[in-house]
>>> print(open('entry18.txt').read())   # compact mmCIF, C-alpha atoms
# COMPACT_ATOMS: atom_id res chain seq x y z
CA MET X 1 8.20 -48.85 109.80
CA ALA X 2 10.80 -46.18 109.04
CA VAL X 3 9.38 -42.89 107.88
CA ASP X 4 10.51 -41.89 104.40
CA TYR X 5 11.13 -38.20 105.04
CA ALA X 6 12.59 -37.58 101.59
CA THR X 7 9.37 -38.72 99.92
CA LEU X 8 7.29 -36.70 102.35
CA LYS X 9 9.40 -33.65 101.71
CA LYS X 10 9.07 -34.12 97.98
CA GLY X 11 5.31 -34.19 98.50
CA GLY X 12 5.35 -30.91 100.43
CA PHE X 13 5.37 -32.31 103.98
CA MET X 14 8.04 -30.38 105.84
CA ARG X 15 9.28 -32.08 108.98
CA GLN X 16 8.81 -29.99 112.10
CA LYS X 17 10.88 -29.89 115.27
CA GLN X 18 7.94 -31.52 117.01
CA LYS X 19 8.09 -35.28 116.61
CA ASN X 20 5.80 -36.74 113.91
CA HIS X 21 4.44 -33.35 112.95
CA PHE X 22 4.70 -31.75 109.53
CA SER X 23 4.07 -28.39 108.02
CA LEU X 24 2.22 -29.16 104.80
CA ARG X 25 3.19 -26.93 101.92
CA LEU X 26 0.44 -26.43 99.36
CA ARG X 27 0.68 -25.94 95.64
CA VAL X 28 0.08 -22.29 94.81
CA VAL X 29 0.64 -20.82 91.36
CA GLY X 30 1.51 -17.14 91.10
CA GLY X 31 0.01 -16.41 94.50
CA GLN X 32 -3.55 -17.08 93.35
CA VAL X 33 -5.85 -19.06 95.63
CA THR X 34 -9.57 -19.32 95.03
CA ALA X 35 -12.13 -18.63 97.74
CA GLY X 36 -13.17 -22.26 97.55
CA GLN X 37 -9.61 -23.43 98.07
CA LEU X 38 -9.23 -21.07 101.01
CA ALA X 39 -12.36 -22.50 102.61
CA LYS X 40 -11.00 -26.03 102.28
CA ILE X 41 -7.57 -24.99 103.58
CA SER X 42 -9.28 -23.35 106.56
CA GLU X 43 -11.29 -26.50 107.26
CA VAL X 44 -8.20 -28.73 107.12
CA ALA X 45 -6.13 -26.37 109.27
CA ASP X 46 -8.89 -26.43 111.88
CA LYS X 47 -9.47 -30.15 111.83
CA TYR X 48 -5.95 -31.51 111.38
CA GLY X 49 -3.62 -28.63 112.23
CA HIS X 50 -3.61 -25.97 114.91
CA GLY X 51 -6.18 -23.74 113.26
CA TYR X 52 -3.83 -21.45 111.37
CA VAL X 53 -1.74 -21.32 108.21
CA HIS X 54 1.67 -19.86 107.50
CA LEU X 55 2.20 -17.72 104.42
CA THR X 56 5.69 -18.33 103.06
CA SER X 57 8.02 -15.77 101.54
CA ARG X 58 7.36 -17.20 98.07
CA GLN X 59 3.57 -16.97 98.00
CA GLY X 60 3.14 -20.43 99.41
CA VAL X 61 0.62 -21.55 102.00
CA GLU X 62 1.63 -24.07 104.66
CA ILE X 63 -0.55 -25.83 107.20
CA PRO X 64 1.63 -26.55 110.25
CA PHE X 65 1.14 -29.34 112.80
CA ILE X 66 -0.21 -32.04 110.52
CA ARG X 67 0.32 -35.36 112.23
CA LEU X 68 2.07 -38.24 110.49
CA GLU X 69 -0.89 -40.57 110.88
CA ASP X 70 -3.26 -38.05 109.29
CA ILE X 71 -1.28 -37.43 106.14
CA ASP X 72 -3.35 -39.57 103.76
CA GLU X 73 -6.61 -38.27 105.18
CA VAL X 74 -5.38 -34.69 104.86
CA LYS X 75 -4.38 -35.20 101.25
CA ALA X 76 -7.78 -36.65 100.44
CA ALA X 77 -9.60 -33.84 102.22
CA LEU X 78 -7.60 -31.19 100.39
CA ALA X 79 -8.16 -32.88 97.04
CA GLU X 80 -11.93 -32.45 97.54
CA GLY X 81 -11.35 -28.70 97.56
CA ASN X 82 -9.05 -28.80 94.56
CA VAL X 83 -6.01 -28.16 96.72
CA SER X 84 -2.86 -30.19 96.21
CA PRO X 85 0.40 -30.43 98.14
CA GLY X 86 3.38 -28.43 96.93
CA VAL X 87 6.99 -29.54 96.71
CA CYS X 88 10.29 -29.03 98.44
CA GLY X 89 13.78 -30.38 97.77
CA PRO X 90 15.77 -30.56 94.53
CA ARG X 91 13.20 -29.66 91.93
CA VAL X 92 11.35 -26.76 90.32
CA ARG X 93 9.62 -24.87 93.12
CA THR X 94 6.56 -22.68 93.34
CA ILE X 95 6.30 -20.28 90.39
CA THR X 96 5.79 -16.86 91.93
CA ALA X 97 4.08 -14.00 90.09
CA CYS X 98 2.44 -10.65 90.53
CA GLN X 99 -1.06 -10.01 89.19
CA GLY X 100 0.33 -8.46 86.01
CA SER X 101 -1.43 -6.55 83.27
CA GLU X 102 -4.72 -8.35 83.90
CA THR X 103 -5.42 -6.07 86.87
CA CYS X 104 -2.41 -3.87 87.63
CA PRO X 105 -2.19 -0.43 85.97
CA ASN X 106 1.60 -0.80 85.75
CA GLY X 107 1.62 -4.37 84.45
CA CYS X 108 3.32 -4.93 81.09
CA ILE X 109 2.79 -8.69 80.76
CA GLU X 110 0.20 -11.27 81.79
CA SER X 111 2.18 -12.56 84.76
CA GLU X 112 -0.51 -14.90 86.06
CA LYS X 113 -1.04 -16.60 82.74
CA LEU X 114 2.70 -17.06 82.33
CA ALA X 115 2.94 -18.50 85.86
CA GLU X 116 0.25 -21.06 85.00
CA GLU X 117 2.10 -21.96 81.87
CA LEU X 118 5.48 -22.37 83.57
CA ASP X 119 3.82 -24.34 86.36
CA GLN X 120 2.31 -26.75 83.84
CA ARG X 121 5.63 -27.04 82.07
CA TYR X 122 8.06 -27.42 84.96
CA PHE X 123 6.50 -27.63 88.42
CA GLY X 124 8.13 -30.36 90.49
CA LYS X 125 10.59 -31.31 87.76
CA GLU X 126 13.49 -33.20 89.32
CA LEU X 127 16.82 -31.36 89.12
CA PRO X 128 20.21 -31.47 90.85
CA HIS X 129 19.03 -28.78 93.29
CA LYS X 130 16.13 -26.43 93.90
CA PHE X 131 15.21 -24.13 91.04
CA LYS X 132 13.07 -21.04 91.44
CA PHE X 133 11.13 -19.12 88.83
CA GLY X 134 9.71 -15.70 89.59
CA ILE X 135 7.65 -13.41 87.37
CA THR X 136 7.14 -9.72 87.85
CA GLY X 137 5.05 -7.58 85.53
CA CYS X 138 7.09 -4.39 85.38
CA GLN X 139 10.14 -2.50 86.57
CA ASN X 140 8.52 -1.87 89.95
CA ASN X 141 9.62 -5.45 90.54
CA CYS X 142 7.12 -6.33 93.28
CA LEU X 143 8.01 -9.99 92.75
CA LYS X 144 11.80 -9.43 92.88
CA ALA X 145 12.63 -11.19 89.60
CA GLU X 146 16.41 -11.10 90.03
CA GLU X 147 16.42 -13.08 93.27
CA ASN X 148 15.26 -16.17 91.38
CA ASP X 149 17.32 -18.76 89.53
CA LEU X 150 15.36 -17.60 86.51
CA GLY X 151 13.54 -14.32 86.80
CA ILE X 152 11.16 -12.84 84.26
CA LYS X 153 10.34 -9.15 84.26
CA GLY X 154 7.74 -7.62 81.98
CA GLY X 155 8.50 -4.56 79.92
CA LEU X 156 7.20 -2.46 77.06
CA LYS X 157 9.12 -1.43 73.99
CA VAL X 158 7.72 1.93 72.96
CA ASP X 159 7.53 3.92 69.75
CA TRP X 160 6.20 7.44 69.51
CA LYS X 161 3.06 8.09 67.44
CA LYS X 162 3.31 11.62 66.14
CA GLU X 163 -0.28 11.89 64.84
CA SER X 164 -2.15 11.85 68.15
CA CYS X 165 0.54 13.54 70.31
CA ILE X 166 -0.52 16.86 71.88
CA ASN X 167 3.02 17.67 72.95
CA CYS X 168 2.17 17.97 76.61
CA GLY X 169 5.62 16.73 77.63
CA LEU X 170 4.31 14.30 80.24
CA CYS X 171 6.24 11.35 78.79
CA ALA X 172 9.56 13.10 79.33
CA LYS X 173 8.41 14.15 82.77
CA VAL X 174 7.41 10.69 83.97
CA CYS X 175 10.46 8.95 82.50
CA ARG X 176 12.74 8.06 85.38
CA GLU X 177 15.61 7.10 83.12
CA LYS X 178 15.73 10.46 81.34
CA ALA X 179 15.48 8.58 78.07
CA ILE X 180 13.05 10.99 76.40
CA THR X 181 13.98 14.33 74.90
CA ILE X 182 11.62 16.67 73.10
CA THR X 183 13.01 19.03 70.49
CA ASP X 184 10.63 21.28 68.54
CA GLY X 185 7.73 18.95 69.21
CA VAL X 186 9.66 15.84 68.15
CA ILE X 187 10.02 13.10 70.73
CA GLU X 188 13.18 11.05 70.76
CA ILE X 189 13.77 7.93 72.81
CA ASP X 190 17.30 7.04 73.85
CA ARG X 191 17.28 3.26 73.48
CA GLU X 192 20.41 2.92 75.60
CA LYS X 193 18.69 4.56 78.54
CA CYS X 194 15.17 3.13 78.12
CA ASN X 195 14.53 0.32 80.61
CA TYR X 196 11.16 -0.72 79.12
CA CYS X 197 9.19 0.42 82.19
CA GLY X 198 6.38 1.77 80.02
CA ARG X 199 5.74 4.85 82.19
CA CYS X 200 5.73 7.12 79.12
CA ALA X 201 3.07 5.03 77.42
CA PHE X 202 0.96 4.59 80.57
CA GLY X 203 1.25 8.25 81.47
CA CYS X 204 0.50 9.55 77.98
CA PRO X 205 -2.92 11.20 78.05
CA THR X 206 -3.54 10.58 74.33
CA ASP X 207 -2.16 7.03 73.89
CA SER X 208 0.54 8.31 71.57
CA PHE X 209 2.89 5.36 71.93
CA ASP X 210 2.85 2.04 70.15
CA THR X 211 3.85 -0.62 72.64
CA ILE X 212 5.23 -4.10 72.30
CA PRO X 213 5.25 -6.18 75.50
CA GLY X 214 8.23 -8.37 76.20
CA TYR X 215 10.34 -10.15 78.79
CA ILE X 216 13.58 -9.29 80.53
CA VAL X 217 15.00 -12.59 81.73
CA SER X 218 17.66 -12.83 84.44
CA PHE X 219 19.75 -15.87 85.34
CA GLY X 220 21.37 -17.13 88.51
CA GLY X 221 19.72 -15.09 91.24
CA LEU X 222 19.96 -16.20 94.88
CA PHE X 223 18.67 -14.80 98.12
CA GLY X 224 19.52 -17.30 100.79
CA ASN X 225 22.81 -18.22 102.39
CA HIS X 226 24.47 -16.40 99.55
CA ILE X 227 23.00 -13.35 97.93
CA SER X 228 23.36 -12.63 94.27
CA LYS X 229 21.40 -10.75 91.66
CA GLY X 230 20.43 -12.57 88.48
CA GLU X 231 21.71 -10.95 85.30
CA PRO X 232 20.12 -10.89 81.86
CA ILE X 233 21.71 -12.25 78.69
CA ILE X 234 19.30 -11.00 76.05
CA PRO X 235 18.07 -7.46 76.84
CA PHE X 236 14.44 -7.88 75.74
CA ILE X 237 12.61 -10.94 74.44
CA GLU X 238 9.47 -10.03 72.54
CA ASP X 239 8.42 -13.44 71.37
CA HIS X 240 6.62 -15.73 73.80
CA ASP X 241 7.81 -18.92 72.09
CA LYS X 242 11.39 -17.72 72.24
CA LEU X 243 10.94 -17.10 75.96
CA MET X 244 9.83 -20.71 76.38
CA LYS X 245 12.83 -21.92 74.40
CA VAL X 246 15.13 -19.88 76.63
CA CYS X 247 13.48 -21.35 79.75
CA ASP X 248 13.79 -24.88 78.36
CA ALA X 249 17.45 -24.32 77.52
CA THR X 250 18.13 -22.93 81.00
CA ILE X 251 16.53 -25.86 82.78
CA GLY X 252 18.37 -28.20 80.42
CA PHE X 253 21.68 -26.48 81.13
CA PHE X 254 21.14 -26.72 84.88
CA ASN X 255 20.11 -30.35 84.68
CA GLU X 256 23.11 -31.26 82.59
CA HIS X 257 25.83 -29.27 84.33
CA ALA X 258 24.89 -28.77 87.98
CA ASN X 259 26.39 -30.89 90.72
CA PRO X 260 23.93 -32.27 93.26
CA GLY X 261 23.09 -29.56 95.79
CA GLU X 262 24.58 -26.78 93.69
CA ARG X 263 22.49 -23.68 93.02
CA PHE X 264 22.33 -22.35 89.49
CA LYS X 265 24.55 -19.34 90.20
CA PHE X 266 27.41 -21.59 91.26
CA THR X 267 26.93 -23.86 88.28
CA ILE X 268 27.19 -20.81 86.02
CA GLU X 269 30.37 -19.70 87.79
CA ARG X 270 31.95 -23.14 87.69
CA VAL X 271 31.04 -24.01 84.10
CA GLY X 272 31.49 -20.46 82.81
CA ARG X 273 28.91 -17.80 82.09
CA GLN X 274 29.86 -17.81 78.42
CA GLU X 275 28.67 -21.42 78.20
CA LEU X 276 25.25 -20.47 79.53
CA GLU X 277 25.15 -17.46 77.23
CA LYS X 278 25.93 -19.73 74.30
CA ALA X 279 23.14 -22.15 75.23
CA VAL X 280 20.62 -19.35 75.78
CA ARG X 281 21.48 -17.54 72.55
CA GLU X 282 21.31 -20.76 70.59
CA ALA X 283 17.84 -21.47 71.96
CA TYR X 284 16.78 -17.89 71.32
CA ASN X 285 17.94 -17.94 67.72
CA SER X 286 16.66 -21.43 66.93
CA MET C 1 4.75 25.45 69.36
CA ALA C 2 1.87 27.91 69.05
CA ASP C 3 -0.03 28.25 72.30
CA ILE C 4 -3.64 27.55 71.46
CA GLU C 5 -6.13 29.08 73.89
CA ILE C 6 -8.68 26.54 74.99
CA GLN C 7 -12.18 27.63 76.04
CA PHE C 8 -13.31 25.80 79.15
CA ASP C 9 -16.61 25.39 80.99
CA ASP C 10 -15.42 25.01 84.55
CA THR C 11 -12.22 25.03 86.55
CA VAL C 12 -10.98 23.20 89.62
CA ASP C 13 -7.92 23.91 91.74
CA ILE C 14 -6.35 20.78 93.22
CA THR C 15 -3.17 22.44 94.50
CA ASP C 16 -4.64 22.55 98.02
CA VAL C 17 -4.96 18.77 98.39
CA VAL C 18 -2.61 15.79 98.21
CA CYS C 19 -2.74 12.40 96.51
CA PRO C 20 -5.15 10.61 96.32
CA VAL C 21 -7.58 13.46 96.99
CA THR C 22 -6.14 15.33 93.98
CA PHE C 23 -7.74 12.88 91.58
CA VAL C 24 -10.92 12.58 93.65
CA LYS C 25 -11.40 16.34 93.55
CA ALA C 26 -10.83 16.45 89.79
CA LYS C 27 -13.17 13.49 89.31
CA VAL C 28 -15.94 15.13 91.33
CA ALA C 29 -15.54 18.33 89.31
CA ILE C 30 -15.76 16.59 85.97
CA GLU C 31 -18.83 14.67 87.08
CA GLU C 32 -20.64 18.00 87.38
CA LEU C 33 -20.14 18.64 83.68
CA ASP C 34 -22.10 17.50 80.64
CA ASP C 35 -20.71 15.28 77.94
CA GLY C 36 -18.28 17.23 75.76
CA GLN C 37 -17.75 20.10 78.20
CA ILE C 38 -14.23 21.08 79.15
CA LEU C 39 -12.70 21.28 82.62
CA LYS C 40 -9.53 23.12 83.50
CA VAL C 41 -7.59 21.45 86.32
CA HIS C 42 -4.98 23.52 88.12
CA MET C 43 -2.38 21.29 89.76
CA ASN C 44 1.07 21.13 91.29
CA ASP C 45 4.16 19.53 89.86
CA GLY C 46 5.23 16.13 91.19
CA GLU C 47 2.71 13.39 91.96
CA PRO C 48 -0.38 15.26 90.66
CA ILE C 49 1.00 15.93 87.18
CA LYS C 50 2.30 12.37 86.94
CA ASN C 51 -0.90 10.69 88.07
CA VAL C 52 -3.96 12.87 87.53
CA PRO C 53 -3.80 13.06 83.71
CA ARG C 54 -3.38 9.30 83.50
CA SER C 55 -6.25 8.68 85.91
CA LEU C 56 -8.57 11.00 83.97
CA LYS C 57 -7.61 9.24 80.74
CA ASP C 58 -8.24 5.84 82.35
CA GLU C 59 -11.73 7.09 83.27
CA GLY C 60 -12.32 7.60 79.56
CA HIS C 61 -12.01 11.38 79.33
CA GLN C 62 -10.00 13.13 76.64
CA ILE C 63 -6.97 15.21 77.59
CA LEU C 64 -6.70 18.18 75.23
CA LYS C 65 -3.74 20.11 76.54
CA ILE C 66 -1.35 20.42 79.45
CA SER C 67 0.46 23.70 79.95
CA GLU C 68 3.14 24.63 82.44
CA ASN C 69 2.80 27.94 84.28
CA ASP C 70 5.61 30.26 85.30
CA ASP C 71 5.16 29.32 88.97
CA GLY C 72 5.75 25.61 88.25
CA THR C 73 2.10 24.64 88.45
CA TYR C 74 0.22 23.05 85.56
CA ASP C 75 -3.12 23.60 83.86
CA LEU C 76 -4.71 20.57 82.32
CA PHE C 77 -7.66 20.81 79.93
CA VAL C 78 -9.83 17.73 79.81
CA LYS C 79 -12.98 17.07 77.80
CA LYS C 80 -15.65 15.03 79.52
CA VAL C 81 -16.49 11.80 77.72
CA GLU C 82 -19.62 10.06 79.04
CA GLU C 83 -19.49 6.27 79.18
>>> encode(input="entry18.txt", output="C-alpha cells")
Amino acid sequence: MAVDYATLKKGGFMRQKQKNHFSLRLRVVGGQVTAGQLAKISEVADKYGHGYVHLTSRQGVEIPFIRLEDIDEVKAALAEGNVSPGVCGPRVRTITACQGSETCPNGCIESEKLAEELDQRYFGKELPHKFKFGITGCQNNCLKAEENDLGIKGGLKVDWKKESCINCGLCAKVCREKAITITDGVIEIDREKCNYCGRCAFGCPTDSFDTIPGYIVSFGGLFGNHISKGEPIIPFIEDHDKLMKVCDATIGFFNEHANPGERFKFTIERVGRQELEKAVREAYNS
Amino acid sequence: MADIEIQFDDTVDITDVVCPVTFVKAKVAIEELDDGQILKVHMNDGEPIKNVPRSLKDEGHQILKISENDDGTYDLFVKKVEE
C-alpha cells in the first residue's frame, strides 16, 4: 500500500531521510509542556524512537526515528499522557508565546492565555500556505513577534498619576525612547516617542502610572528563505475582542487572496498592502 | 522642588558590588531593620539605579525618596514594610 505522506505530514509526522522513519512533531501551545506530558514524551522517545527529542526553533517538540509501522501505537501511547501530534504543511502552525505577565516582571500581556485562545481558534486551520502566529509579552521581544505572519507584542499605555509621585526622576531615567521629560515636577510623555514598553511604570517606585495593557500587531513577517519584518497597521489595540476581530480578518484575507504555496508577505505585496489595511481597519472598527 | 531631609535608621553602600549582588546587599540590609524603619541605600548610576528601586518595591517596601549626588551616585531612602 502506498504511504500517504501528505496525510502523515498534516498529522505532524515529518518524513526523515531514513526510509520509513518519521520525526513526530507534537502539539505544543506557547512553549508550555506539563511534567506529565514530558514523562510520556520521554517514555515514547525511549520505546519507539532513539531515546531523545529535538526542540524546534518554534517551541515545538519532535520525537525522531518513529517507524512507519509504529505510528498508530505511538499516537495511542501519547494520547494516554495527554500529548497530541502537531501539524506541518499549509495550515496554522504552532502558536508560540513567552510566559508573559503571569510570571515575567517585564510582561505586559497574558501571552500564555492568548496563545491558548489562538490555538483553540485557529490551530491546524487549512490555508493556502503555512501561517505562523507568535506572541511576545513586551518590547524585549523574546518571542520575535515580527518574524511571524501575524505577530502580537504586548505593551502598556501609561498615564502619569501626580498624587503619589515622589518626583524621583526614575521614569525618565529608565525610558529608552527618551519619551519622558520632567519640568518643575510635572511629567510629560511624548506619545510619538513612547513605544509602550512600560519601563516607566515598572520602574516607578511608587506606582505612579495608570497602565492600560494592549497589543501591537504586525503583519507579513518571514524568517526563512526570504527575510522580512512584519509591520503594524494599527499602532496599539487595547481591546481584546478587537484583537480577535483583526486576527479573524487577517486569516480570512490570507485564505481568500493567497495563491497556494504563497506566504502572507507575498500575498500582501501582490494584492496590495492598502487592501490588507482596509480589511484590518474595517474589522477593527466593526 | 524643596529638598526634604529624611531621617534614616541605617545605611548601606552598594557601590562596591555589581548586579545582582547590589540588590542582595540592599535586601540583607533591610532585613536587619524593624517594620517602619528607614534604610538609606547608596548606589551607582546605571544598572543599580534602574533595578534596585524596582526590586525593593516588588518586595513590598516603600520608596520615599531618590536623590542624585554631585558625584553621579544616588541615595535611595526606603521604608521597611513587613509582609
>>> closest_residue(input="entry18.txt", among="C:Asp16, C:Glu31, C:Asp58, C:Asp71", to="chain X", atoms="all atoms listed in the file")
C:Asp58
>>> closest_residue(input="entry18.txt", among="X:Phe202, X:Phe266, X:Phe254, X:Tyr196", to="chain C", atoms="all atoms listed in the file")
X:Phe202
>>> interface_residues(input="entry18.txt", of="chain C", to="chain X", cutoff="10 Å", atoms="only C-alpha atoms", output="ChimeraX atom specification")
/C:1,45-47,49-58,61-68,76,78
>>> atom_distance(input="entry18.txt", atom1="atom CA of C:Glu83", atom2="atom CA of C:Thr15")
27.6 Å
>>> atom_distance(input="entry18.txt", atom1="atom CA of X:Glu238", atom2="atom CA of X:Gly100")
16.4 Å
>>> residues_around(input="entry18.txt", residues="stretch 21-25 of chain X", least_positions_apart="4", cutoff="6 Å", atoms="all atoms listed in the file", output="list in words")
Gly12, Phe13, Met14, Arg15, Gln16, Val61, Glu62, Ile63, Pro64, Phe65, Ile66, Arg67, Leu68, Pro85 and Gly86 of chain X
>>> atom_distance(input="entry18.txt", atom1="atom CA of X:Ile71", atom2="atom CA of X:Glu116")
26.8 Å
>>> residues_near_point(input="entry18.txt", point="(-17.0, 13.2, 78.3)", cutoff="6 Å", atoms="all atoms listed in the file", output="list in words")
Asp35, Gly36, His61, Lys79, Lys80, Val81 and Glu82 of chain C
>>> residues_around(input="entry18.txt", residues="C:Asn44", least_positions_apart="4", cutoff="8 Å", atoms="all atoms listed in the file", output="list in words")
Ile14, Thr15, Pro48, Ile49, Gly72, Thr73 and Tyr74 of chain C
>>> axis_aligned_box(input="entry18.txt", around="stretch 25-32 of chain C", padding_each_side="3 Å", output="JSON")
{"center_x": -15.7, "center_y": 15.9, "center_z": 89.8, "size_x": 15.8, "size_y": 10.8, "size_z": 13.6}
>>> residues_around(input="entry18.txt", residues="X:Glu110", least_positions_apart="3", cutoff="12 Å", atoms="only C-alpha atoms", output="list in words")
Gly30, Ala97, Cys98, Gln99, Gly100, Ser101, Glu102, Thr103, Cys104, Pro105, Asn106, Gly107, Lys113, Leu114, Ala115, Glu116, Glu117, Ile135, Thr136, Gly137, Cys138, Ile152, Lys153, Gly154, Gly155, Pro213, Gly214, Tyr215 and His240 of chain X
>>> residues_around(input="entry18.txt", residues="X:Asp149", least_positions_apart="2", cutoff="6 Å", atoms="only C-alpha atoms", output="list in words")
Phe131, Lys132, Phe219, Gly220 and Gly221 of chain X
>>> residues_near_point(input="entry18.txt", point="(-16.3, 21.8, 74.1)", cutoff="8 Å", atoms="all atoms listed in the file", output="number ranges by chain")
C: 7-9, 36-38, 79
>>> closest_residue(input="entry18.txt", among="X:Pro235, X:Pro90, X:Gly261, X:Gly124", to="X:Tyr284", atoms="all atoms listed in the file")
X:Pro235
>>> closest_residue(input="entry18.txt", among="X:Arg273, X:Val44, X:Gly51, X:Phe223", to="X:Ala79", atoms="only C-alpha atoms")
X:Val44
